[in-house]
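What follows is the content of input.pdb, which has PDB, C-alpha atoms:
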ATOM      1  CA  MET A 175      10.452 -67.251 -81.660  1.00  0.00           C
ATOM      2  CA  GLU A 176      14.046 -67.994 -80.683  1.00  0.00           C
ATOM      3  CA  GLU A 177      14.765 -70.289 -77.769  1.00  0.00           C
ATOM      4  CA  GLY A 178      16.588 -67.570 -75.909  1.00  0.00           C
ATOM      5  CA  SER A 179      13.477 -65.377 -75.848  1.00  0.00           C
ATOM      6  CA  ARG A 180      11.739 -67.868 -73.587  1.00  0.00           C
ATOM      7  CA  SER A 181      14.407 -67.823 -70.922  1.00  0.00           C
ATOM      8  CA  PRO A 182      12.938 -64.986 -68.809  1.00  0.00           C
ATOM      9  CA  GLY A 183       9.711 -66.951 -68.409  1.00  0.00           C
ATOM     10  CA  VAL A 184      11.353 -70.144 -67.247  1.00  0.00           C
ATOM     11  CA  HIS A 185      14.247 -68.716 -65.281  1.00  0.00           C
ATOM     12  CA  GLY A 186      14.095 -69.830 -61.659  1.00  0.00           C
ATOM     13  CA  GLY A 187      11.531 -72.525 -62.437  1.00  0.00           C
ATOM     14  CA  ARG A 188       9.630 -73.829 -59.449  1.00  0.00           C
ATOM     15  CA  GLY A 189      11.393 -71.494 -57.005  1.00  0.00           C
ATOM     16  CA  SER A 190      10.020 -68.422 -58.786  1.00  0.00           C
ATOM     17  CA  HIS A 191       6.538 -69.961 -58.773  1.00  0.00           C
ATOM     18  CA  ARG A 192       6.707 -70.527 -55.027  1.00  0.00           C
ATOM     19  CA  ALA A 193       7.895 -66.962 -54.470  1.00  0.00           C
ATOM     20  CA  ALA A 194       4.956 -65.620 -56.456  1.00  0.00           C
ATOM     21  CA  GLU A 195       2.527 -67.684 -54.368  1.00  0.00           C
ATOM     22  CA  ARG A 196       3.822 -66.478 -51.001  1.00  0.00           C
ATOM     23  CA  ARG A 197       1.438 -64.301 -49.067  1.00  0.00           C
ATOM     24  CA  GLY A 198       2.460 -61.491 -46.767  1.00  0.00           C
ATOM     25  CA  PRO A 199       1.026 -61.189 -43.244  1.00  0.00           C
ATOM     26  CA  GLU A 200      -1.139 -58.125 -43.986  1.00  0.00           C
ATOM     27  CA  ARG A 201      -4.502 -59.923 -44.324  1.00  0.00           C
ATOM     28  CA  LEU A 202      -3.722 -62.187 -41.379  1.00  0.00           C
ATOM     29  CA  GLU A 203      -2.943 -59.179 -39.199  1.00  0.00           C
ATOM     30  CA  ALA A 204      -6.034 -57.254 -40.329  1.00  0.00           C
ATOM     31  CA  PHE A 205      -8.329 -60.194 -39.573  1.00  0.00           C
ATOM     32  CA  SER A 206      -6.642 -60.742 -36.205  1.00  0.00           C
ATOM     33  CA  ASP A 207      -6.965 -57.063 -35.289  1.00  0.00           C
ATOM     34  CA  GLY A 208     -10.696 -57.297 -35.936  1.00  0.00           C
ATOM     35  CA  VAL A 209     -11.086 -60.305 -33.621  1.00  0.00           C
ATOM     36  CA  PHE A 210      -9.020 -58.673 -30.884  1.00  0.00           C
ATOM     37  CA  ALA A 211     -11.063 -55.470 -31.214  1.00  0.00           C
ATOM     38  CA  ILE A 212     -14.371 -57.338 -30.906  1.00  0.00           C
ATOM     39  CA  ALA A 213     -13.181 -59.393 -27.940  1.00  0.00           C
ATOM     40  CA  ILE A 214     -11.880 -56.361 -26.078  1.00  0.00           C
ATOM     41  CA  THR A 215     -15.086 -54.416 -26.763  1.00  0.00           C
ATOM     42  CA  LEU A 216     -17.361 -57.209 -25.527  1.00  0.00           C
ATOM     43  CA  LEU A 217     -15.699 -57.039 -22.115  1.00  0.00           C
ATOM     44  CA  VAL A 218     -17.437 -53.780 -21.188  1.00  0.00           C
ATOM     45  CA  LEU A 219     -20.891 -55.270 -21.747  1.00  0.00           C
ATOM     46  CA  GLU A 220     -20.604 -57.065 -18.400  1.00  0.00           C
ATOM     47  CA  ILE A 221     -20.475 -53.750 -16.536  1.00  0.00           C
ATOM     48  CA  ARG A 222     -24.178 -52.994 -16.414  1.00  0.00           C
ATOM     49  CA  VAL A 223     -26.123 -50.075 -15.013  1.00  0.00           C
ATOM     50  CA  PRO A 224     -27.706 -50.994 -11.637  1.00  0.00           C
ATOM     51  CA  PRO A 225     -31.446 -51.758 -11.490  1.00  0.00           C
ATOM     52  CA  ALA A 226     -33.891 -48.840 -11.702  1.00  0.00           C
ATOM     53  CA  ALA A 227     -34.736 -49.205  -8.004  1.00  0.00           C
ATOM     54  CA  ASP A 228     -31.145 -48.288  -7.102  1.00  0.00           C
ATOM     55  CA  LEU A 229     -31.057 -45.257  -9.375  1.00  0.00           C
ATOM     56  CA  VAL A 230     -33.600 -43.204  -7.442  1.00  0.00           C
ATOM     57  CA  ASP A 231     -31.540 -43.007  -4.258  1.00  0.00           C
ATOM     58  CA  PRO A 232     -27.933 -41.685  -4.327  1.00  0.00           C
ATOM     59  CA  ALA A 233     -26.805 -43.839  -1.409  1.00  0.00           C
ATOM     60  CA  ARG A 234     -28.226 -47.008  -2.944  1.00  0.00           C
ATOM     61  CA  LEU A 235     -26.725 -46.107  -6.305  1.00  0.00           C
ATOM     62  CA  ILE A 236     -23.263 -45.643  -4.816  1.00  0.00           C
ATOM     63  CA  ALA A 237     -23.584 -48.953  -2.981  1.00  0.00           C
ATOM     64  CA  ALA A 238     -24.746 -50.682  -6.170  1.00  0.00           C
ATOM     65  CA  LEU A 239     -21.859 -49.231  -8.164  1.00  0.00           C
ATOM     66  CA  ALA A 240     -19.401 -50.321  -5.475  1.00  0.00           C
ATOM     67  CA  ALA A 241     -20.872 -53.832  -5.565  1.00  0.00           C
ATOM     68  CA  LEU A 242     -19.805 -54.072  -9.213  1.00  0.00           C
ATOM     69  CA  TRP A 243     -16.133 -54.267  -8.194  1.00  0.00           C
ATOM     70  CA  PRO A 244     -15.715 -57.814  -9.579  1.00  0.00           C
ATOM     71  CA  SER A 245     -16.877 -56.541 -12.977  1.00  0.00           C
ATOM     72  CA  TYR A 246     -14.409 -53.651 -12.845  1.00  0.00           C
ATOM     73  CA  LEU A 247     -11.578 -55.983 -11.855  1.00  0.00           C
ATOM     74  CA  GLY A 248     -12.368 -58.537 -14.555  1.00  0.00           C
ATOM     75  CA  TYR A 249     -12.707 -55.819 -17.182  1.00  0.00           C
ATOM     76  CA  VAL A 250      -9.353 -54.207 -16.393  1.00  0.00           C
ATOM     77  CA  VAL A 251      -7.384 -57.459 -16.143  1.00  0.00           C
ATOM     78  CA  SER A 252      -8.923 -58.936 -19.301  1.00  0.00           C
ATOM     79  CA  PHE A 253      -8.628 -55.667 -21.259  1.00  0.00           C
ATOM     80  CA  VAL A 254      -4.957 -55.331 -20.388  1.00  0.00           C
ATOM     81  CA  THR A 255      -4.297 -59.000 -21.154  1.00  0.00           C
ATOM     82  CA  ILE A 256      -5.920 -58.865 -24.595  1.00  0.00           C
ATOM     83  CA  GLY A 257      -4.081 -55.595 -25.210  1.00  0.00           C
ATOM     84  CA  ILE A 258      -0.763 -57.262 -24.365  1.00  0.00           C
ATOM     85  CA  ILE A 259      -1.576 -60.205 -26.631  1.00  0.00           C
ATOM     86  CA  TRP A 260      -2.500 -57.818 -29.463  1.00  0.00           C
ATOM     87  CA  ALA A 261       0.733 -55.809 -29.052  1.00  0.00           C
ATOM     88  CA  ASN A 262       2.903 -58.934 -28.978  1.00  0.00           C
ATOM     89  CA  HIS A 263       0.987 -60.398 -31.913  1.00  0.00           C
ATOM     90  CA  HIS A 264       1.755 -57.238 -33.882  1.00  0.00           C
ATOM     91  CA  ASN A 265       5.440 -57.472 -32.937  1.00  0.00           C
ATOM     92  CA  ILE A 266       5.623 -61.095 -34.076  1.00  0.00           C
ATOM     93  CA  LEU A 267       3.949 -60.425 -37.426  1.00  0.00           C
ATOM     94  CA  ARG A 268       6.510 -57.680 -38.089  1.00  0.00           C
ATOM     95  CA  LEU A 269       9.049 -60.502 -38.261  1.00  0.00           C
ATOM     96  CA  VAL A 270       7.005 -62.574 -40.732  1.00  0.00           C
ATOM     97  CA  ALA A 271       8.013 -62.650 -44.391  1.00  0.00           C
ATOM     98  CA  SER A 272       5.312 -64.980 -45.696  1.00  0.00           C
ATOM     99  CA  VAL A 273       2.279 -66.803 -44.317  1.00  0.00           C
ATOM    100  CA  SER A 274       2.149 -70.595 -44.257  1.00  0.00           C
ATOM    101  CA  HIS A 275      -0.823 -72.895 -43.699  1.00  0.00           C
ATOM    102  CA  GLY A 276       0.583 -73.801 -40.295  1.00  0.00           C
ATOM    103  CA  LEU A 277       0.800 -70.151 -39.332  1.00  0.00           C
ATOM    104  CA  ILE A 278      -2.832 -69.596 -40.309  1.00  0.00           C
ATOM    105  CA  LEU A 279      -3.928 -72.527 -38.130  1.00  0.00           C
ATOM    106  CA  ALA A 280      -1.795 -71.422 -35.179  1.00  0.00           C
ATOM    107  CA  ASN A 281      -3.160 -67.893 -35.497  1.00  0.00           C
ATOM    108  CA  LEU A 282      -6.735 -69.193 -35.572  1.00  0.00           C
ATOM    109  CA  LEU A 283      -6.055 -71.165 -32.379  1.00  0.00           C
ATOM    110  CA  LEU A 284      -4.874 -67.987 -30.660  1.00  0.00           C
ATOM    111  CA  LEU A 285      -7.932 -66.066 -31.877  1.00  0.00           C
ATOM    112  CA  LEU A 286     -10.201 -68.917 -30.737  1.00  0.00           C
ATOM    113  CA  VAL A 287      -8.979 -68.525 -27.164  1.00  0.00           C
ATOM    114  CA  ALA A 288      -8.838 -64.712 -27.297  1.00  0.00           C
ATOM    115  CA  GLY A 289     -12.440 -64.549 -28.525  1.00  0.00           C
ATOM    116  CA  PHE A 290     -13.473 -66.750 -25.591  1.00  0.00           C
ATOM    117  CA  VAL A 291     -12.050 -64.372 -22.941  1.00  0.00           C
ATOM    118  CA  PRO A 292     -15.291 -62.337 -22.464  1.00  0.00           C
ATOM    119  CA  PHE A 293     -17.091 -65.463 -21.164  1.00  0.00           C
ATOM    120  CA  PRO A 294     -14.713 -66.334 -18.279  1.00  0.00           C
ATOM    121  CA  THR A 295     -14.519 -62.610 -17.523  1.00  0.00           C
ATOM    122  CA  ALA A 296     -18.322 -62.503 -17.149  1.00  0.00           C
ATOM    123  CA  LEU A 297     -18.221 -65.692 -15.072  1.00  0.00           C
ATOM    124  CA  LEU A 298     -15.554 -64.200 -12.832  1.00  0.00           C
ATOM    125  CA  ALA A 299     -17.563 -61.014 -12.354  1.00  0.00           C
ATOM    126  CA  SER A 300     -20.683 -63.002 -11.459  1.00  0.00           C
ATOM    127  CA  THR A 301     -19.023 -65.365  -8.990  1.00  0.00           C
ATOM    128  CA  LEU A 302     -16.160 -63.453  -7.354  1.00  0.00           C
ATOM    129  CA  GLY A 303     -16.963 -62.896  -3.694  1.00  0.00           C
ATOM    130  CA  THR A 304     -19.579 -65.667  -3.679  1.00  0.00           C
ATOM    131  CA  PRO A 305     -19.303 -69.346  -2.631  1.00  0.00           C
ATOM    132  CA  SER A 306     -18.770 -70.185  -6.321  1.00  0.00           C
ATOM    133  CA  GLY A 307     -15.934 -67.692  -6.652  1.00  0.00           C
ATOM    134  CA  GLN A 308     -13.296 -70.397  -6.794  1.00  0.00           C
ATOM    135  CA  ILE A 309     -14.866 -71.907  -9.913  1.00  0.00           C
ATOM    136  CA  GLY A 310     -14.885 -68.512 -11.608  1.00  0.00           C
ATOM    137  CA  VAL A 311     -11.211 -67.898 -10.862  1.00  0.00           C
ATOM    138  CA  VAL A 312     -10.214 -71.431 -11.926  1.00  0.00           C
ATOM    139  CA  VAL A 313     -11.968 -71.039 -15.303  1.00  0.00           C
ATOM    140  CA  TYR A 314     -10.433 -67.567 -15.681  1.00  0.00           C
ATOM    141  CA  ALA A 315      -6.914 -68.833 -14.933  1.00  0.00           C
ATOM    142  CA  ALA A 316      -7.396 -71.840 -17.237  1.00  0.00           C
ATOM    143  CA  THR A 317      -8.378 -69.494 -20.083  1.00  0.00           C
ATOM    144  CA  PHE A 318      -5.267 -67.374 -19.561  1.00  0.00           C
ATOM    145  CA  LEU A 319      -3.168 -70.544 -19.511  1.00  0.00           C
ATOM    146  CA  GLY A 320      -4.755 -71.456 -22.851  1.00  0.00           C
ATOM    147  CA  LEU A 321      -3.876 -68.004 -24.207  1.00  0.00           C
ATOM    148  CA  ALA A 322      -0.244 -68.383 -23.135  1.00  0.00           C
ATOM    149  CA  ILE A 323       0.030 -71.846 -24.695  1.00  0.00           C
ATOM    150  CA  ALA A 324      -1.639 -70.728 -27.942  1.00  0.00           C
ATOM    151  CA  PHE A 325       0.680 -67.742 -28.197  1.00  0.00           C
ATOM    152  CA  ASN A 326       3.760 -69.895 -27.713  1.00  0.00           C
ATOM    153  CA  ILE A 327       2.491 -72.292 -30.400  1.00  0.00           C
ATOM    154  CA  LEU A 328       2.120 -69.325 -32.761  1.00  0.00           C
ATOM    155  CA  TRP A 329       5.660 -68.157 -32.073  1.00  0.00           C
ATOM    156  CA  TYR A 330       7.003 -71.718 -32.485  1.00  0.00           C
ATOM    157  CA  VAL A 331       5.358 -71.984 -35.910  1.00  0.00           C
ATOM    158  CA  VAL A 332       6.742 -68.591 -36.939  1.00  0.00           C
ATOM    159  CA  ARG A 333      10.329 -69.382 -36.022  1.00  0.00           C
ATOM    160  CA  ARG A 334      10.368 -73.028 -37.129  1.00  0.00           C
ATOM    161  CA  SER A 335       8.372 -73.060 -40.382  1.00  0.00           C
ATOM    162  CA  PRO A 336      10.408 -72.708 -43.595  1.00  0.00           C
ATOM    163  CA  ASP A 337      10.356 -69.253 -45.238  1.00  0.00           C
ATOM    164  CA  VAL A 338       7.999 -67.731 -42.633  1.00  0.00           C
ATOM    165  CA  LEU A 339      10.493 -65.763 -40.552  1.00  0.00           C
ATOM    166  CA  ARG A 340      12.212 -62.849 -42.257  1.00  0.00           C
ATOM    167  CA  SER A 341      15.767 -63.679 -43.257  1.00  0.00           C
ATOM    168  CA  ASP A 342      17.131 -60.498 -41.660  1.00  0.00           C
ATOM    169  CA  VAL A 343      15.804 -61.246 -38.152  1.00  0.00           C
ATOM    170  CA  GLU A 344      18.785 -61.517 -35.820  1.00  0.00           C
ATOM    171  CA  GLN A 345      19.285 -64.478 -33.495  1.00  0.00           C
ATOM    172  CA  ARG A 346      19.396 -62.201 -30.454  1.00  0.00           C
ATOM    173  CA  THR A 347      15.884 -61.002 -31.299  1.00  0.00           C
ATOM    174  CA  ILE A 348      14.624 -64.579 -31.455  1.00  0.00           C
ATOM    175  CA  GLU A 349      16.298 -65.443 -28.150  1.00  0.00           C
ATOM    176  CA  SER A 350      14.860 -62.320 -26.498  1.00  0.00           C
ATOM    177  CA  ILE A 351      11.333 -63.264 -27.587  1.00  0.00           C
ATOM    178  CA  ASN A 352      11.902 -66.851 -26.447  1.00  0.00           C
ATOM    179  CA  ARG A 353      12.834 -65.631 -22.963  1.00  0.00           C
ATOM    180  CA  SER A 354       9.873 -63.281 -22.836  1.00  0.00           C
ATOM    181  CA  TYR A 355       7.183 -65.784 -23.855  1.00  0.00           C
ATOM    182  CA  ARG A 356       8.643 -68.781 -22.027  1.00  0.00           C
ATOM    183  CA  LEU A 357       7.309 -67.558 -18.689  1.00  0.00           C
ATOM    184  CA  GLY A 358       3.651 -67.495 -19.784  1.00  0.00           C
ATOM    185  CA  PRO A 359       2.556 -71.173 -19.690  1.00  0.00           C
ATOM    186  CA  PRO A 360       4.280 -72.119 -16.391  1.00  0.00           C
ATOM    187  CA  GLY A 361       3.269 -68.801 -14.842  1.00  0.00           C
ATOM    188  CA  PHE A 362      -0.423 -69.210 -15.614  1.00  0.00           C
ATOM    189  CA  LEU A 363      -0.234 -72.889 -14.646  1.00  0.00           C
ATOM    190  CA  VAL A 364       0.920 -71.687 -11.224  1.00  0.00           C
ATOM    191  CA  ALA A 365      -2.023 -69.255 -11.222  1.00  0.00           C
ATOM    192  CA  LEU A 366      -4.410 -72.121 -12.029  1.00  0.00           C
ATOM    193  CA  LEU A 367      -3.028 -74.335  -9.268  1.00  0.00           C
ATOM    194  CA  ALA A 368      -3.104 -71.395  -6.848  1.00  0.00           C
ATOM    195  CA  ALA A 369      -6.753 -70.730  -7.769  1.00  0.00           C
ATOM    196  CA  ILE A 370      -7.601 -74.348  -6.970  1.00  0.00           C
ATOM    197  CA  LEU A 371      -6.115 -73.846  -3.513  1.00  0.00           C
ATOM    198  CA  ASN A 372      -7.382 -70.316  -2.928  1.00  0.00           C
ATOM    199  CA  PRO A 373      -9.234 -68.014  -5.386  1.00  0.00           C
ATOM    200  CA  ALA A 374      -7.730 -64.819  -3.948  1.00  0.00           C
ATOM    201  CA  LEU A 375      -4.237 -66.254  -4.332  1.00  0.00           C
ATOM    202  CA  GLY A 376      -5.014 -67.305  -7.902  1.00  0.00           C
ATOM    203  CA  MET A 377      -6.197 -63.802  -8.828  1.00  0.00           C
ATOM    204  CA  THR A 378      -3.117 -62.312  -7.198  1.00  0.00           C
ATOM    205  CA  VAL A 379      -0.821 -64.469  -9.347  1.00  0.00           C
ATOM    206  CA  ILE A 380      -2.803 -63.596 -12.495  1.00  0.00           C
ATOM    207  CA  ILE A 381      -2.616 -59.864 -11.782  1.00  0.00           C
ATOM    208  CA  ALA A 382       1.113 -60.127 -11.000  1.00  0.00           C
ATOM    209  CA  LEU A 383       1.769 -61.876 -14.329  1.00  0.00           C
ATOM    210  CA  VAL A 384      -0.255 -59.285 -16.250  1.00  0.00           C
ATOM    211  CA  ILE A 385       1.699 -56.463 -14.595  1.00  0.00           C
ATOM    212  CA  LEU A 386       4.951 -58.278 -15.402  1.00  0.00           C
ATOM    213  CA  TYR A 387       4.012 -58.498 -19.090  1.00  0.00           C
ATOM    214  CA  LEU A 388       3.242 -54.769 -19.162  1.00  0.00           C
ATOM    215  CA  ARG A 389       6.969 -54.098 -19.020  1.00  0.00           C
ATOM    216  CA  PRO A 390       8.501 -52.990 -22.326  1.00  0.00           C
ATOM    217  CA  SER A 391       9.949 -55.824 -24.383  1.00  0.00           C
ATOM    218  CA  SER A 392      13.585 -55.710 -25.374  1.00  0.00           C
ATOM    219  CA  SER A 393      12.935 -57.552 -28.615  1.00  0.00           C
ATOM    220  CA  GLY A 394      12.993 -55.761 -31.914  1.00  0.00           C
ATOM    221  CA  GLY A 395      12.490 -56.440 -35.583  1.00  0.00           C
TER     222      GLY A 395
END
Go ahead and express the file in the form of structure tokens.
Amino acid sequence: MEEGSRSPGVHGGRGSHRAAERRGPERLEAFSDGVFAIAITLLVLEIRVPPAADLVDPARLIAALAALWPSYLGYVVSFVTIGIIWANHHNILRLVASVSHGLILANLLLLLVAGFVPFPTALLASTLGTPSGQIGVVVYAATFLGLAIAFNILWYVVRRSPDVLRSDVEQRTIESINRSYRLGPPGFLVALLAAILNPALGMTVIIALVILYLRPSSSGG
């Protein structure tokens, strides 16, 4: 065989080998979607049908259903929060060209905290309005602070790791996402400190932040 016939196989050398080994974000996103779906579904399990004794009398049933208001509140706030995280996670992965080991670890950290959300939600529902309500709100706020930090770590890894971010992503898109996510950690830290002072104030700050993040993002891919 002539020497020239081998050139297509060696052209590009190590760079071509690296390109062939790069993985797209499809499997990472599919796995993440499954974790988010499980976490968001588990939230409803805390809203339980009242005891049989309350079911036989309409007035008692209505009172029992009304007494579940902490469960309703925790469910809505946590559902919306996980939904926001899922939507933003999807938007970030649209900007990813290839998956690195660091990105996998950062994504697992985010999923670790997201999968934990049903527990502080159940704790909040069980303690809100009781003498232990402050503990429930503090743990709840601390979990949301962890979510915000984990999400910012994920975005940092995406934009700083070599060959992870798509080459066609504009700088204005990166800056827009930076501005959007920058508020999360200090905002939920304020919520945590507010919860230590007053649980109602802490919940108010949490709800305000969740409503703020419901606004449409100006970032694009």
Each residue of segment 222-301 of chain A lying at most 12 Å from segment 198-208 of chain A should get a row with its shortest atom-to-atom pair and the distance in Å to one decimal, counting only C-alpha atoms; could you produce that, ordered by chain and increasing number, as JSON lines?
{"residue": "A:Ile256", "atom": "CA", "partner": "A:Asp207", "partner_atom": "CA", "distance": 10.9}
{"residue": "A:Gly257", "atom": "CA", "partner": "A:Asp207", "partner_atom": "CA", "distance": 10.6}
{"residue": "A:Ile259", "atom": "CA", "partner": "A:Asp207", "partner_atom": "CA", "distance": 10.7}
{"residue": "A:Trp260", "atom": "CA", "partner": "A:Asp207", "partner_atom": "CA", "distance": 7.4}
{"residue": "A:Ala261", "atom": "CA", "partner": "A:Asp207", "partner_atom": "CA", "distance": 10.0}
{"residue": "A:Asn262", "atom": "CA", "partner": "A:Glu203", "partner_atom": "CA", "distance": 11.8}
{"residue": "A:His263", "atom": "CA", "partner": "A:Glu203", "partner_atom": "CA", "distance": 8.4}
{"residue": "A:His264", "atom": "CA", "partner": "A:Glu203", "partner_atom": "CA", "distance": 7.4}
{"residue": "A:Asn265", "atom": "CA", "partner": "A:Glu203", "partner_atom": "CA", "distance": 10.6}
{"residue": "A:Ile266", "atom": "CA", "partner": "A:Glu203", "partner_atom": "CA", "distance": 10.2}
{"residue": "A:Leu267", "atom": "CA", "partner": "A:Pro199", "partner_atom": "CA", "distance": 6.6}
{"residue": "A:Arg268", "atom": "CA", "partner": "A:Pro199", "partner_atom": "CA", "distance": 8.3}
{"residue": "A:Leu269", "atom": "CA", "partner": "A:Pro199", "partner_atom": "CA", "distance": 9.5}
{"residue": "A:Val270", "atom": "CA", "partner": "A:Pro199", "partner_atom": "CA", "distance": 6.6}
{"residue": "A:Ala271", "atom": "CA", "partner": "A:Gly198", "partner_atom": "CA", "distance": 6.2}
{"residue": "A:Ser272", "atom": "CA", "partner": "A:Gly198", "partner_atom": "CA", "distance": 4.6}
{"residue": "A:Val273", "atom": "CA", "partner": "A:Pro199", "partner_atom": "CA", "distance": 5.9}
{"residue": "A:Ser274", "atom": "CA", "partner": "A:Gly198", "partner_atom": "CA", "distance": 9.4}
{"residue": "A:His275", "atom": "CA", "partner": "A:Leu202", "partner_atom": "CA", "distance": 11.3}
{"residue": "A:Leu277", "atom": "CA", "partner": "A:Leu202", "partner_atom": "CA", "distance": 9.4}
{"residue": "A:Ile278", "atom": "CA", "partner": "A:Leu202", "partner_atom": "CA", "distance": 7.5}
{"residue": "A:Leu279", "atom": "CA", "partner": "A:Leu202", "partner_atom": "CA", "distance": 10.8}
{"residue": "A:Ala280", "atom": "CA", "partner": "A:Leu202", "partner_atom": "CA", "distance": 11.3}
{"residue": "A:Asn281", "atom": "CA", "partner": "A:Ser206", "partner_atom": "CA", "distance": 8.0}
{"residue": "A:Leu282", "atom": "CA", "partner": "A:Ser206", "partner_atom": "CA", "distance": 8.5}
{"residue": "A:Leu283", "atom": "CA", "partner": "A:Ser206", "partner_atom": "CA", "distance": 11.1}
{"residue": "A:Leu284", "atom": "CA", "partner": "A:Ser206", "partner_atom": "CA", "distance": 9.3}
{"residue": "A:Leu285", "atom": "CA", "partner": "A:Ser206", "partner_atom": "CA", "distance": 7.0}
{"residue": "A:Leu286", "atom": "CA", "partner": "A:Ser206", "partner_atom": "CA", "distance": 10.5}
{"residue": "A:Ala288", "atom": "CA", "partner": "A:Ser206", "partner_atom": "CA", "distance": 10.0}
{"residue": "A:Gly289", "atom": "CA", "partner": "A:Ser206", "partner_atom": "CA", "distance": 10.3}
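The shortest atom-to-atom distance to Leu235 of chain A, with all atoms listed in the file taken into account, belongs to A:Val223 out of A:Ala368, A:Leu386, A:Val223, A:Met377.
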Using only the atoms of segment 337-348 of chain A listed in the file, plus 3 Å on each side, state the axis-aligned box centre and edge lengths in Å rounded to one decimal, as JSON.
{"center_x": 13.7, "center_y": -64.9, "center_z": -37.8, "size_x": 17.4, "size_y": 14.8, "size_z": 20.8}
Kindly resolve the PyMOL selection byres ((chain A and resi 293) around 12) on the present coordinates and return the residues as an MDAnalysis selection string. chainID A and resid 213:214 216:220 248:249 252 287:292 294:300 310 313:314 317
Which polymer residues, whether protein, DNA or RNA, lie within 10 Å of the coordinate (-28.4, -46.1, -11.1) when you count all atoms listed in the file? List them as a list in words, using the chain letters and numbers from the file.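 Returned residue set, sorted by chain then number, is Arg222, Val223, Pro224, Pro225, Ala226, Ala227, Asp228, Leu229, Val230, Asp231, Pro232, Arg234, Leu235, Ile236, Ala237, Ala238 and Leu239 of chain A.
Minimum atom-to-atom distances from A:Ala211, A:Val250, A:Ile380, A:Val343 to Leu367 of chain A were compared using all atoms listed in the file, and the lowest value belongs to A:Ile380.
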In Å, with one decimal, what is the gap from atom CA of Arg340 of chain A to atom CA of Asn352 of chain A?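 These two atoms are separated by 16.3 Å.
Across the model, the gap from atom CA of Leu247 of chain A to atom CA of Tyr387 of chain A is 17.4 Å.
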Which residues fall under the PyMOL selection byres ((chain A and resi 355) around 12) in this file, as a ChimeraX atom specification? /A:258-259,262-263,266,321-330,348-354,356-362,383,386-387,391,393
Between atom CA of Thr215 of chain A and atom CA of Pro373 of chain A - distance in Å to one decimal: 26.0 Å
Rank nothing, just name the residue among A:Ile385, A:Ile221, A:Leu375, A:Leu366 nearest to Val312 of chain A, using all atoms listed in the file.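 That would be A:Leu366, the residue with the smallest distance to Val312 of chain A.
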Nearest to Leu242 of chain A, chosen from A:Gly303, A:Pro336, A:Gly320, A:Gly376, with only C-alpha atoms counted in the distances: A:Gly303
